[in-house]
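Student: File run.pdb below, PDB, C-alpha atoms:
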```pdb
MODEL        1
ATOM      1  CA  MET A  27       0.000   0.000   0.000
ATOM      2  CA  LEU A  28       1.177   3.511  -0.749
ATOM      3  CA  SER A  29       0.465   5.867   2.064
ATOM      4  CA  ALA A  30       0.009   9.588   1.642
ATOM      5  CA  GLU A  31       3.087   9.975   3.818
ATOM      6  CA  ASP A  32       5.194   8.047   1.329
ATOM      7  CA  ARG A  33       4.068  10.378  -1.357
ATOM      8  CA  MET A  34       4.668  13.519   0.692
ATOM      9  CA  CYS A  35       8.187  12.473   1.683
ATOM     10  CA  LYS A  36       9.248  11.980  -1.887
ATOM     11  CA  THR A  37       8.091  15.182  -3.413
ATOM     12  CA  SER A  38       9.573  14.980  -6.863
ATOM     13  CA  GLU A  39      10.163  11.415  -7.795
ATOM     14  CA  THR A  40       8.547   8.378  -9.200
ATOM     15  CA  ILE A  41       7.197   6.219  -6.405
ATOM     16  CA  LEU A  42       6.087   3.336  -8.509
ATOM     17  CA  ASN A  43       6.725   2.371 -12.089
ATOM     18  CA  LEU A  44       5.213  -0.512 -14.018
ATOM     19  CA  ASP A  45       6.655  -0.927 -17.491
ATOM     20  CA  ILE A  46       4.549  -3.352 -19.514
ATOM     21  CA  VAL A  47       5.129  -4.599 -23.043
ATOM     22  CA  VAL A  48       2.569  -6.831 -24.754
ATOM     23  CA  PRO A  49       1.939  -7.983 -28.310
ATOM     24  CA  SER A  50      -0.261  -5.598 -30.254
ATOM     25  CA  GLN A  51      -3.380  -7.761 -29.927
ATOM     26  CA  THR A  52      -6.766  -7.060 -28.383
ATOM     27  CA  ARG A  53      -6.659 -10.258 -26.336
ATOM     28  CA  TYR A  54      -4.272  -8.466 -23.948
ATOM     29  CA  LEU A  55      -6.687  -5.596 -23.237
ATOM     30  CA  ARG A  56      -8.223  -7.433 -20.305
ATOM     31  CA  LEU A  57      -4.863  -8.123 -18.681
ATOM     32  CA  ILE A  58      -3.598  -4.561 -19.033
ATOM     33  CA  GLY A  59      -6.910  -3.070 -17.939
ATOM     34  CA  ASN A  60      -7.006  -5.315 -14.892
ATOM     35  CA  ILE A  61      -3.439  -4.409 -13.892
ATOM     36  CA  ALA A  62      -4.336  -0.707 -14.037
ATOM     37  CA  GLU A  63      -7.555  -1.347 -12.098
ATOM     38  CA  GLN A  64      -5.729  -3.251  -9.374
ATOM     39  CA  LEU A  65      -3.080  -0.557  -9.072
ATOM     40  CA  ALA A  66      -5.741   2.083  -8.419
ATOM     41  CA  ARG A  67      -7.615  -0.154  -6.005
ATOM     42  CA  ASP A  68      -4.536  -0.593  -3.830
ATOM     43  CA  LEU A  69      -4.005   3.127  -3.347
ATOM     44  CA  ASP A  70      -4.806   4.739  -0.045
ATOM     45  CA  GLY A  71      -8.015   6.681   0.109
ATOM     46  CA  GLU A  72     -11.722   6.397   0.538
ATOM     47  CA  LYS A  73     -12.748   2.944  -0.655
ATOM     48  CA  SER A  74     -15.664   3.884  -2.915
ATOM     49  CA  ASP A  75     -13.593   6.648  -4.547
ATOM     50  CA  ARG A  76     -10.805   4.185  -5.225
ATOM     51  CA  GLU A  77     -13.238   1.660  -6.697
ATOM     52  CA  THR A  78     -14.531   4.305  -9.102
ATOM     53  CA  LEU A  79     -11.000   5.378  -9.989
ATOM     54  CA  ALA A  80     -10.063   1.730 -10.523
ATOM     55  CA  TYR A  81     -12.900   1.250 -13.002
ATOM     56  CA  HIS A  82     -12.099   4.491 -14.809
ATOM     57  CA  LEU A  83      -8.435   3.569 -15.059
ATOM     58  CA  ASN A  84      -9.294   0.166 -16.520
ATOM     59  CA  LEU A  85     -11.442   1.974 -19.085
ATOM     60  CA  VAL A  86      -8.959   4.669 -20.134
ATOM     61  CA  VAL A  87      -6.102   2.172 -20.393
ATOM     62  CA  THR A  88      -8.298  -0.156 -22.445
ATOM     63  CA  GLU A  89      -9.277   2.705 -24.772
ATOM     64  CA  ALA A  90      -5.726   3.986 -25.144
ATOM     65  CA  VAL A  91      -4.283   0.540 -25.885
ATOM     66  CA  THR A  92      -7.105  -0.186 -28.354
ATOM     67  CA  ASN A  93      -6.214   3.043 -30.168
ATOM     68  CA  ALA A  94      -2.544   2.115 -30.210
ATOM     69  CA  ILE A  95      -3.358  -1.332 -31.624
ATOM     70  CA  GLN A  96      -5.720   0.024 -34.282
ATOM     71  CA  TYR A  97      -3.828   3.087 -35.430
ATOM     72  CA  GLY A  98      -0.358   2.804 -34.065
ATOM     73  CA  CYS A  99       1.342  -0.287 -35.286
ATOM     74  CA  THR A 100       2.235   0.156 -38.880
ATOM     75  CA  ASN A 101       5.407  -1.832 -39.005
ATOM     76  CA  ASP A 102       6.114  -5.314 -38.099
ATOM     77  CA  ARG A 103       9.307  -4.961 -36.078
ATOM     78  CA  LYS A 104       7.542  -2.978 -33.467
ATOM     79  CA  ASN A 105       4.375  -5.006 -33.233
ATOM     80  CA  LYS A 106       4.299  -4.483 -29.515
ATOM     81  CA  ILE A 107       2.503  -2.043 -27.288
ATOM     82  CA  ARG A 108       4.257  -0.429 -24.354
ATOM     83  CA  ILE A 109       2.302   0.799 -21.365
ATOM     84  CA  LEU A 110       3.887   2.677 -18.506
ATOM     85  CA  LEU A 111       1.889   2.980 -15.296
ATOM     86  CA  SER A 112       3.417   5.137 -12.606
ATOM     87  CA  ILE A 113       2.794   7.258  -9.594
ATOM     88  CA  GLU A 114       4.698  10.496  -9.804
ATOM     89  CA  ASN A 115       4.345  12.898  -6.928
ATOM     90  CA  SER A 116       0.597  12.920  -6.438
ATOM     91  CA  ASP A 117      -0.340  11.944  -9.970
ATOM     92  CA  LEU A 118      -1.238   8.573 -11.307
ATOM     93  CA  CYS A 119       0.270   8.528 -14.792
ATOM     94  CA  VAL A 120      -0.479   6.296 -17.740
ATOM     95  CA  ARG A 121       1.635   6.431 -20.877
ATOM     96  CA  VAL A 122       0.779   4.335 -23.890
ATOM     97  CA  TYR A 123       3.361   4.252 -26.687
ATOM     98  CA  ASP A 124       2.646   3.551 -30.305
ATOM     99  CA  TYR A 125       4.917   3.474 -33.321
ATOM    100  CA  GLY A 126       2.542   4.589 -36.050
ATOM    101  CA  GLN A 127       2.064   7.912 -37.757
ATOM    102  CA  GLY A 128       0.304   9.435 -34.820
ATOM    103  CA  PHE A 129      -2.738  11.664 -34.764
ATOM    104  CA  ASP A 130      -3.788  15.094 -33.586
ATOM    105  CA  ILE A 131      -5.707  14.531 -30.384
ATOM    106  CA  GLU A 132      -6.956  18.125 -30.381
ATOM    107  CA  ALA A 133      -8.642  17.453 -33.725
ATOM    108  CA  VAL A 134     -10.698  14.529 -32.387
ATOM    109  CA  PRO A 135     -14.256  15.872 -32.078
ATOM    110  CA  ALA A 136     -16.530  15.166 -29.135
ATOM    111  CA  PRO A 137     -19.142  12.550 -30.044
ATOM    112  CA  ASP A 138     -22.321  13.987 -31.521
ATOM    113  CA  ILE A 139     -25.272  12.414 -29.724
ATOM    114  CA  ASP A 140     -27.555  12.967 -32.717
ATOM    115  CA  GLU A 141     -25.310  11.114 -35.118
ATOM    116  CA  LEU A 142     -25.203   7.864 -33.133
ATOM    117  CA  SER A 143     -21.814   6.995 -34.513
ATOM    118  CA  GLU A 144     -20.538   3.609 -33.431
ATOM    119  CA  ARG A 145     -17.039   4.974 -33.053
ATOM    120  CA  GLY A 146     -15.257   7.925 -31.547
ATOM    121  CA  ARG A 147     -16.036   7.638 -27.843
ATOM    122  CA  GLY A 148     -12.659   6.324 -26.719
ATOM    123  CA  ILE A 149     -10.845   9.664 -26.649
ATOM    124  CA  PHE A 150     -13.993  11.211 -25.170
ATOM    125  CA  PHE A 151     -13.818   8.756 -22.234
ATOM    126  CA  ILE A 152     -10.125   9.458 -21.730
ATOM    127  CA  ARG A 153     -10.672  13.224 -21.770
ATOM    128  CA  SER A 154     -13.700  13.016 -19.497
ATOM    129  CA  LEU A 155     -12.152  10.777 -16.867
ATOM    130  CA  MET A 156      -8.551  12.003 -16.645
ATOM    131  CA  ASP A 157      -7.244  15.360 -15.455
ATOM    132  CA  HIS A 158      -4.506  15.824 -18.038
ATOM    133  CA  VAL A 159      -4.292  14.275 -21.512
ATOM    134  CA  GLU A 160      -1.543  14.853 -24.032
ATOM    135  CA  TYR A 161      -0.403  13.089 -27.202
ATOM    136  CA  ARG A 162       3.054  13.795 -28.484
ATOM    137  CA  LYS A 163       5.896  12.390 -30.533
ATOM    138  CA  THR A 164       9.023  11.250 -28.759
ATOM    139  CA  GLU A 165      12.202   9.468 -29.772
ATOM    140  CA  SER A 166      10.739   6.180 -28.607
ATOM    141  CA  GLY A 167       7.475   6.555 -30.542
ATOM    142  CA  ASN A 168       4.290   8.498 -30.007
ATOM    143  CA  VAL A 169       2.966   8.620 -26.500
ATOM    144  CA  LEU A 170      -0.512   9.203 -25.169
ATOM    145  CA  GLU A 171       0.033  10.566 -21.680
ATOM    146  CA  MET A 172      -2.813  10.655 -19.185
ATOM    147  CA  LYS A 173      -2.674  11.841 -15.600
ATOM    148  CA  LYS A 174      -5.046  11.694 -12.694
ATOM    149  CA  ARG A 175      -4.457  13.681  -9.516
ATOM    150  CA  LEU A 176      -4.660  11.505  -6.434
ATOM    151  CA  THR A 177      -5.090  14.222  -3.819
TER     152      THR A 177
ATOM    153  CA  MET B  19     -17.285 -15.180 -26.465
ATOM    154  CA  LYS B  20     -20.178 -16.755 -24.628
ATOM    155  CA  LEU B  21     -23.541 -15.591 -25.939
ATOM    156  CA  VAL B  22     -26.787 -17.415 -25.209
ATOM    157  CA  THR B  23     -30.038 -16.810 -27.068
ATOM    158  CA  GLU B  24     -33.503 -17.954 -26.151
ATOM    159  CA  GLN B  25     -37.081 -17.179 -27.070
ATOM    160  CA  ARG B  26     -39.227 -15.640 -24.345
ATOM    161  CA  ASP B  27     -42.822 -14.509 -24.924
ATOM    162  CA  GLY B  28     -42.170 -14.321 -28.663
ATOM    163  CA  ARG B  29     -39.087 -12.177 -28.244
ATOM    164  CA  THR B  30     -35.459 -13.036 -28.821
ATOM    165  CA  VAL B  31     -33.333 -12.650 -25.714
ATOM    166  CA  LEU B  32     -29.567 -12.432 -26.101
ATOM    167  CA  MET B  33     -27.683 -13.029 -22.868
ATOM    168  CA  ILE B  34     -24.092 -11.829 -22.792
ATOM    169  CA  LYS B  35     -22.284 -14.277 -20.534
ATOM    170  CA  GLU B  36     -19.097 -12.233 -20.329
ATOM    171  CA  GLY B  37     -17.794  -9.964 -17.591
ATOM    172  CA  ARG B  38     -16.154  -7.646 -20.033
ATOM    173  CA  LEU B  39     -17.054  -6.039 -23.378
ATOM    174  CA  ASP B  40     -14.086  -4.473 -25.129
ATOM    175  CA  ALA B  41     -12.466  -4.295 -28.557
ATOM    176  CA  HIS B  42     -11.528  -7.958 -28.286
ATOM    177  CA  ASN B  43     -15.096  -9.266 -28.308
ATOM    178  CA  SER B  44     -17.394  -6.391 -29.308
ATOM    179  CA  GLY B  45     -17.019  -7.199 -33.011
ATOM    180  CA  GLU B  46     -18.350 -10.678 -32.348
ATOM    181  CA  LEU B  47     -21.270  -9.263 -30.369
ATOM    182  CA  LYS B  48     -22.115  -6.846 -33.170
ATOM    183  CA  ASP B  49     -22.065  -9.675 -35.732
ATOM    184  CA  ARG B  50     -24.253 -11.897 -33.565
ATOM    185  CA  ILE B  51     -26.874  -9.171 -33.120
ATOM    186  CA  LEU B  52     -26.955  -8.513 -36.873
ATOM    187  CA  LYS B  53     -27.268 -12.239 -37.543
ATOM    188  CA  LEU B  54     -30.212 -12.548 -35.137
ATOM    189  CA  PHE B  55     -32.031  -9.809 -37.063
ATOM    190  CA  GLU B  56     -31.119 -11.377 -40.396
ATOM    191  CA  GLU B  57     -32.515 -14.701 -39.220
ATOM    192  CA  GLY B  58     -35.817 -13.005 -38.520
ATOM    193  CA  GLY B  59     -35.394 -12.251 -34.833
ATOM    194  CA  ARG B  60     -37.807  -9.545 -33.684
ATOM    195  CA  ASP B  61     -37.877  -7.276 -30.654
ATOM    196  CA  LEU B  62     -34.465  -8.228 -29.397
ATOM    197  CA  VAL B  63     -33.685  -7.971 -25.696
ATOM    198  CA  VAL B  64     -30.008  -7.882 -24.735
ATOM    199  CA  ASP B  65     -29.312  -8.985 -21.170
ATOM    200  CA  LEU B  66     -26.177  -7.311 -19.773
ATOM    201  CA  ALA B  67     -26.528  -8.624 -16.207
ATOM    202  CA  ASP B  68     -23.149 -10.393 -16.284
ATOM    203  CA  VAL B  69     -21.290  -7.491 -17.868
ATOM    204  CA  GLN B  70     -19.239  -5.566 -15.330
ATOM    205  CA  PHE B  71     -17.128  -3.612 -17.796
ATOM    206  CA  ILE B  72     -17.925  -1.940 -21.116
ATOM    207  CA  ASP B  73     -15.744   0.280 -23.298
ATOM    208  CA  SER B  74     -16.500   2.490 -26.298
ATOM    209  CA  SER B  75     -16.387  -0.442 -28.723
ATOM    210  CA  GLY B  76     -18.942  -2.345 -26.606
ATOM    211  CA  LEU B  77     -21.236   0.687 -26.687
ATOM    212  CA  GLY B  78     -20.625   0.838 -30.448
ATOM    213  CA  ALA B  79     -21.719  -2.781 -30.932
ATOM    214  CA  LEU B  80     -24.961  -2.108 -29.036
ATOM    215  CA  LEU B  81     -25.533   1.097 -31.021
ATOM    216  CA  SER B  82     -25.150  -0.918 -34.204
ATOM    217  CA  GLY B  83     -27.930  -3.229 -32.971
ATOM    218  CA  HIS B  84     -30.108  -0.259 -32.032
ATOM    219  CA  LYS B  85     -29.734   1.324 -35.470
ATOM    220  CA  ASN B  86     -30.342  -1.977 -37.201
ATOM    221  CA  ALA B  87     -33.558  -2.449 -35.220
ATOM    222  CA  ILE B  88     -34.782   1.000 -36.292
ATOM    223  CA  HIS B  89     -33.939   0.164 -39.889
ATOM    224  CA  ARG B  90     -36.006  -3.023 -39.606
ATOM    225  CA  SER B  91     -38.793  -1.320 -37.645
ATOM    226  CA  THR B  92     -38.426  -3.639 -34.707
ATOM    227  CA  GLY B  93     -37.495  -3.299 -31.039
ATOM    228  CA  PHE B  94     -34.124  -3.413 -29.330
ATOM    229  CA  ALA B  95     -34.020  -3.247 -25.534
ATOM    230  CA  LEU B  96     -31.238  -3.483 -22.959
ATOM    231  CA  VAL B  97     -31.725  -4.992 -19.500
ATOM    232  CA  GLY B  98     -29.627  -5.754 -16.418
ATOM    233  CA  LEU B  99     -27.209  -2.825 -16.630
ATOM    234  CA  GLN B 100     -24.769  -2.925 -13.719
ATOM    235  CA  PRO B 101     -24.083   0.444 -12.018
ATOM    236  CA  ARG B 102     -20.678   1.043 -13.621
ATOM    237  CA  VAL B 103     -21.921  -0.007 -17.040
ATOM    238  CA  LYS B 104     -24.923   2.266 -16.635
ATOM    239  CA  ALA B 105     -22.581   5.124 -15.721
ATOM    240  CA  MET B 106     -20.869   4.769 -19.103
ATOM    241  CA  PHE B 107     -24.235   5.078 -20.886
ATOM    242  CA  GLU B 108     -24.904   8.199 -18.844
ATOM    243  CA  LEU B 109     -21.507   9.748 -19.508
ATOM    244  CA  THR B 110     -22.054   9.362 -23.257
ATOM    245  CA  ARG B 111     -25.762  10.296 -22.894
ATOM    246  CA  LEU B 112     -26.660   7.052 -24.632
ATOM    247  CA  GLN B 113     -29.149   6.163 -21.891
ATOM    248  CA  ARG B 114     -31.510   8.539 -23.717
ATOM    249  CA  VAL B 115     -31.032   6.707 -26.990
ATOM    250  CA  PHE B 116     -31.599   3.118 -25.869
ATOM    251  CA  GLU B 117     -34.717   1.478 -24.536
ATOM    252  CA  ILE B 118     -33.486   0.347 -21.096
ATOM    253  CA  TYR B 119     -35.296  -1.727 -18.453
ATOM    254  CA  PRO B 120     -34.064  -2.863 -15.036
ATOM    255  CA  GLY B 121     -34.576  -6.564 -15.757
ATOM    256  CA  LEU B 122     -35.835  -9.053 -18.307
ATOM    257  CA  ARG B 123     -39.304  -9.262 -16.706
ATOM    258  CA  GLU B 124     -39.880  -5.529 -17.079
ATOM    259  CA  ALA B 125     -38.776  -5.620 -20.713
ATOM    260  CA  LEU B 126     -41.070  -8.531 -21.548
ATOM    261  CA  ASP B 127     -44.005  -6.890 -19.764
ATOM    262  CA  ALA B 128     -43.480  -3.553 -21.464
TER     263      ALA B 128
ENDMDL
END
```
Would you give me this structure, written as structure tokens?

Tutor:
Amino acid sequence: MLSAEDRMCKTSETILNLDIVVPSQTRYLRLIGNIAEQLARDLDGEKSDRETLAYHLNLVVTEAVTNAIQYGCTNDRKNKIRILLSIENSDLCVRVYDYGQGFDIEAVPAPDIDELSERGRGIFFIRSLMDHVEYRKTESGNVLEMKKRLT
Amino acid sequence: MKLVTEQRDGRTVLMIKEGRLDAHNSGELKDRILKLFEEGGRDLVVDLADVQFIDSSGLGALLSGHKNAIHRSTGFALVGLQPRVKAMFELTRLQRVFEIYPGLREALDA
């Protein structure tokens, strides 16, 4: 368990870091989602809040990895997805790397309720449920970075 | 993916016997719903009582069924939504789009 004290004592460092690499296949969504859910559930805090956070984390990780699988992997050598789950200061951070051409997250429109499109709610969920969302290109691929404040 | 169908009071009931609907199995669910309509199924009821987790692709598969039902002028109802699943319908405002009942009995009596 990570106490608030632990977090306060280490003001500017990574307290926990889970670096996960899986094949770029949807069958691994459940595993990755469940790892993220369990991580959130084990945090200190009010139980019902943590349960909600755990569910939301499972969802945003599932959505982000689905995106990476569907749009990210264009070449064979890198047919893997990398997910970094960490607690940094008082933020729970999720980073999902992809090796495709990337996309402009700011250009993704909010779903139009009247259109009843079957797609396009994944980024909406991520934006709605996380405090900070950013997609950028790095030397090790594109990264979708999502943060949730724990305090 | 475990899906069970049965006829109840002249309606086709599709029970999703999975704890999780995500991009790994939502395509199969979508196909099954379309197939039920193609085979002449009417007034479909989808029972989500076992589903504890749904993502955007799961919602998409159900929306596909909803739109197909409209196209065929027949019914498409959802029952047994667990609280966290229901919350996802509310967040996307899809609870106003679907015909939703607490349980199978209420849907069949409606």

Student: Neighbouring residues of B:Ala125 were defined as those with any atom within 9 Å, considering only C-alpha atoms; residues of the same chain fewer than 4 positions away were excluded. Please report them as a list in words.

Tutor: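 Surrounding residues, per the criterion: Val63, Ala95, Leu96, Val97, Ile118, Tyr119, Pro120 and Gly121 of chain B.
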
Student: Now that the selection is made, can you save its residues with C-alpha atoms as a PDB file, in the coordinates of the input?

Tutor:
```pdb
ATOM      1  CA  VAL B  63     -33.685  -7.971 -25.696  1.00  0.00           C
ATOM      2  CA  ALA B  95     -34.020  -3.247 -25.534  1.00  0.00           C
ATOM      3  CA  LEU B  96     -31.238  -3.483 -22.959  1.00  0.00           C
ATOM      4  CA  VAL B  97     -31.725  -4.992 -19.500  1.00  0.00           C
ATOM      5  CA  ILE B 118     -33.486   0.347 -21.096  1.00  0.00           C
ATOM      6  CA  TYR B 119     -35.296  -1.727 -18.453  1.00  0.00           C
ATOM      7  CA  PRO B 120     -34.064  -2.863 -15.036  1.00  0.00           C
ATOM      8  CA  GLY B 121     -34.576  -6.564 -15.757  1.00  0.00           C
TER       9      GLY B 121
END
```

Student: Using only C-alpha atoms, what residues lie at most 12 Å away from (-8.0, 4.3, -28.3) (file coordinates), given as a count of residues only?

Tutor: 40

Student: Which is closest to B:Gln113 among A:Ala133, A:Gly71, A:Ile139, A:Thr78, if we use only C-alpha atoms?

Tutor: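 Comparing A:Ala133, A:Gly71, A:Ile139, A:Thr78 against B:Gln113, the winner is A:Ile139.
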
Student: Counting only C-alpha atoms, give me one row per residue of chain B with an atom at most 10 Å from an atom of chain A, showing the shortest contact pair and its distance in Å to one decimal, sorted by chain then residue number, as JSON lines.

Tutor:
```
{"residue": "B:Arg38", "atom": "CA", "partner": "A:Arg56", "partner_atom": "CA", "distance": 7.9}
{"residue": "B:Leu39", "atom": "CA", "partner": "A:Arg56", "partner_atom": "CA", "distance": 9.5}
{"residue": "B:Asp40", "atom": "CA", "partner": "A:Thr88", "partner_atom": "CA", "distance": 7.7}
{"residue": "B:Ala41", "atom": "CA", "partner": "A:Thr52", "partner_atom": "CA", "distance": 6.3}
{"residue": "B:His42", "atom": "CA", "partner": "A:Thr52", "partner_atom": "CA", "distance": 4.8}
{"residue": "B:Asn43", "atom": "CA", "partner": "A:Thr52", "partner_atom": "CA", "distance": 8.6}
{"residue": "B:Gln70", "atom": "CA", "partner": "A:Tyr81", "partner_atom": "CA", "distance": 9.6}
{"residue": "B:Phe71", "atom": "CA", "partner": "A:Tyr81", "partner_atom": "CA", "distance": 8.0}
{"residue": "B:Ile72", "atom": "CA", "partner": "A:Leu85", "partner_atom": "CA", "distance": 7.8}
{"residue": "B:Asp73", "atom": "CA", "partner": "A:Leu85", "partner_atom": "CA", "distance": 6.3}
{"residue": "B:Ser74", "atom": "CA", "partner": "A:Arg147", "partner_atom": "CA", "distance": 5.4}
{"residue": "B:Ser75", "atom": "CA", "partner": "A:Arg145", "partner_atom": "CA", "distance": 7.0}
{"residue": "B:Gly76", "atom": "CA", "partner": "A:Glu144", "partner_atom": "CA", "distance": 9.2}
{"residue": "B:Leu77", "atom": "CA", "partner": "A:Glu144", "partner_atom": "CA", "distance": 7.4}
{"residue": "B:Gly78", "atom": "CA", "partner": "A:Glu144", "partner_atom": "CA", "distance": 4.1}
{"residue": "B:Ala79", "atom": "CA", "partner": "A:Glu144", "partner_atom": "CA", "distance": 7.0}
{"residue": "B:Leu80", "atom": "CA", "partner": "A:Glu144", "partner_atom": "CA", "distance": 8.5}
{"residue": "B:Leu81", "atom": "CA", "partner": "A:Glu144", "partner_atom": "CA", "distance": 6.1}
{"residue": "B:Ser82", "atom": "CA", "partner": "A:Glu144", "partner_atom": "CA", "distance": 6.5}
{"residue": "B:His84", "atom": "CA", "partner": "A:Leu142", "partner_atom": "CA", "distance": 9.6}
{"residue": "B:Lys85", "atom": "CA", "partner": "A:Leu142", "partner_atom": "CA", "distance": 8.3}
{"residue": "B:Arg102", "atom": "CA", "partner": "A:Tyr81", "partner_atom": "CA", "distance": 7.8}
{"residue": "B:Val103", "atom": "CA", "partner": "A:Tyr81", "partner_atom": "CA", "distance": 10.0}
{"residue": "B:Met106", "atom": "CA", "partner": "A:Phe151", "partner_atom": "CA", "distance": 8.7}
{"residue": "B:Leu109", "atom": "CA", "partner": "A:Phe151", "partner_atom": "CA", "distance": 8.2}
{"residue": "B:Thr110", "atom": "CA", "partner": "A:Arg147", "partner_atom": "CA", "distance": 7.8}
{"residue": "B:Arg111", "atom": "CA", "partner": "A:Ile139", "partner_atom": "CA", "distance": 7.2}
{"residue": "B:Leu112", "atom": "CA", "partner": "A:Ile139", "partner_atom": "CA", "distance": 7.5}
{"residue": "B:Arg114", "atom": "CA", "partner": "A:Ile139", "partner_atom": "CA", "distance": 9.5}
{"residue": "B:Val115", "atom": "CA", "partner": "A:Leu142", "partner_atom": "CA", "distance": 8.5}
```

Student: Looking at all atoms listed in the file, which of A:Asn43, A:Gly59, A:Lys174, A:Ser166 is the one that sits closest to A:Asp117?

Tutor: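 Counting all atoms listed in the file, the residue closest to A:Asp117 is A:Lys174.
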